[in-house]
Amino acid sequence: MRAAVFAILLLVIYQGEALKCNFCFSKESDLCTPTRTQTCSGADNACGAVILTAPVSSSFRQCMNMGVCQGWISTPGAFATCCSTDLCN
């Protein structure tokens with residue numbers, strides 16, 4: 001019984017709290033102002049902020065997978081930042 005309680009306690013401590021990111025979307029070329037926070041889940045392990053200038057102007061902040069976020073950094077016409085601490089975007 002003690003082993004089961006200890007295992008559950010370790011699992012809770014190991015998981016910690018989910019990452020929280022700012023969330024917004026805009027059809028403007030300036031970075032949108034956060035309208036709410038978003039709790040990340042699944043493979044979404046980063047907060048991203050992306051500005052798109054071509055082919056259409058828009059911007060967004062949200063939870064996303066770090067690999068996807070880093071892909072935005074190398075996308076022509078996009079300016080992106082990726083981070084992994086609460087509300088860092």
# chains A, B, ... in the order shown; residues from 1 in each chain; ligands from 1

call {"tool": "select_by_dssp", "arguments": {"residues": "chain A", "states": "strand (DSSP E or B)", "output": "number ranges by chain"}}
result
A: 20-26, 36-39, 46-52, 58-64, 78-83

call {"tool": "residues_around", "arguments": {"residues": "region 66-76 of chain A", "least_positions_apart": "2", "cutoff": "9 Å", "atoms": "only C-alpha atoms", "output": "list in words"}}
result
Ala43, Asp44, Asn45, Ala46, Cys47, Gly48, Ala49, Val50, Leu52, Thr53, Ala54, Met64, Ala78, Phe79, Ala80, Thr81, Cys82, Cys83 and Ser84 of chain A

call {"tool": "residues_around", "arguments": {"residues": "Pro34 (chain A)", "least_positions_apart": "3", "cutoff": "7 Å", "atoms": "only C-alpha atoms", "output": "list in words"}}
result
Asn22, Phe23 and Cys24 of chain A

call {"tool": "residues_around", "arguments": {"residues": "Ser29 (chain A)", "least_positions_apart": "5", "cutoff": "9 Å", "atoms": "only C-alpha atoms", "output": "PyMOL selection string"}}
result
chain A and resi 51-53+56-59

call {"tool": "select_by_dssp", "arguments": {"residues": "chain A", "states": "helix (DSSP H, G or I)", "output": "ChimeraX atom specification"}}
result
/A:2-15,66-73

call {"tool": "write_last_selection", "arguments": {"atoms": "C-alpha atoms", "output": "short mmCIF file (atom, residue, chain, number, x, y, z; two decimals), in the first residue's frame"}}
result
data_model
loop_
_atom_site.label_atom_id
_atom_site.label_comp_id
_atom_site.auth_asym_id
_atom_site.auth_seq_id
_atom_site.Cartn_x
_atom_site.Cartn_y
_atom_site.Cartn_z
CA ARG A 2 2.81 2.42 0.87
CA ALA A 3 4.48 1.70 -2.46
CA ALA A 4 1.29 2.57 -4.35
CA VAL A 5 0.84 5.84 -2.45
CA PHE A 6 4.50 6.71 -3.03
CA ALA A 7 4.19 5.95 -6.76
CA ILE A 8 1.10 8.16 -7.09
CA LEU A 9 2.82 10.95 -5.18
CA LEU A 10 5.85 10.76 -7.47
CA LEU A 11 3.62 10.85 -10.53
CA VAL A 12 1.83 13.98 -9.30
CA ILE A 13 5.11 15.71 -8.47
CA TYR A 14 6.71 14.68 -11.77
CA GLN A 15 3.84 15.95 -13.91
CA MET A 66 8.18 23.40 -29.81
CA GLY A 67 9.15 21.80 -33.14
CA VAL A 68 6.23 23.47 -34.90
CA CYS A 69 7.08 26.79 -33.27
CA GLN A 70 10.70 26.54 -34.36
CA GLY A 71 9.45 25.80 -37.86
CA TRP A 72 7.73 29.19 -37.88
CA ILE A 73 11.09 30.84 -37.15
#

call {"tool": "closest_residue", "arguments": {"among": "A:Glu28, A:Cys21, A:Phe60, A:Asn65", "to": "Asn89 (chain A)", "atoms": "only C-alpha atoms"}}
result
A:Cys21

call {"tool": "atom_distance", "arguments": {"atom1": "CA of Cys88 (chain A)", "atom2": "CA of Pro55 (chain A)"}}
result
27.0 Å

call {"tool": "closest_residue", "arguments": {"among": "A:Ala18, A:Gly77, A:Phe25, A:Asp30", "to": "Gly42 (chain A)", "atoms": "only C-alpha atoms"}}
result
A:Ala18

call {"tool": "atom_distance", "arguments": {"atom1": "CA of Glu17 (chain A)", "atom2": "CA of Leu31 (chain A)"}}
result
27.1 Å
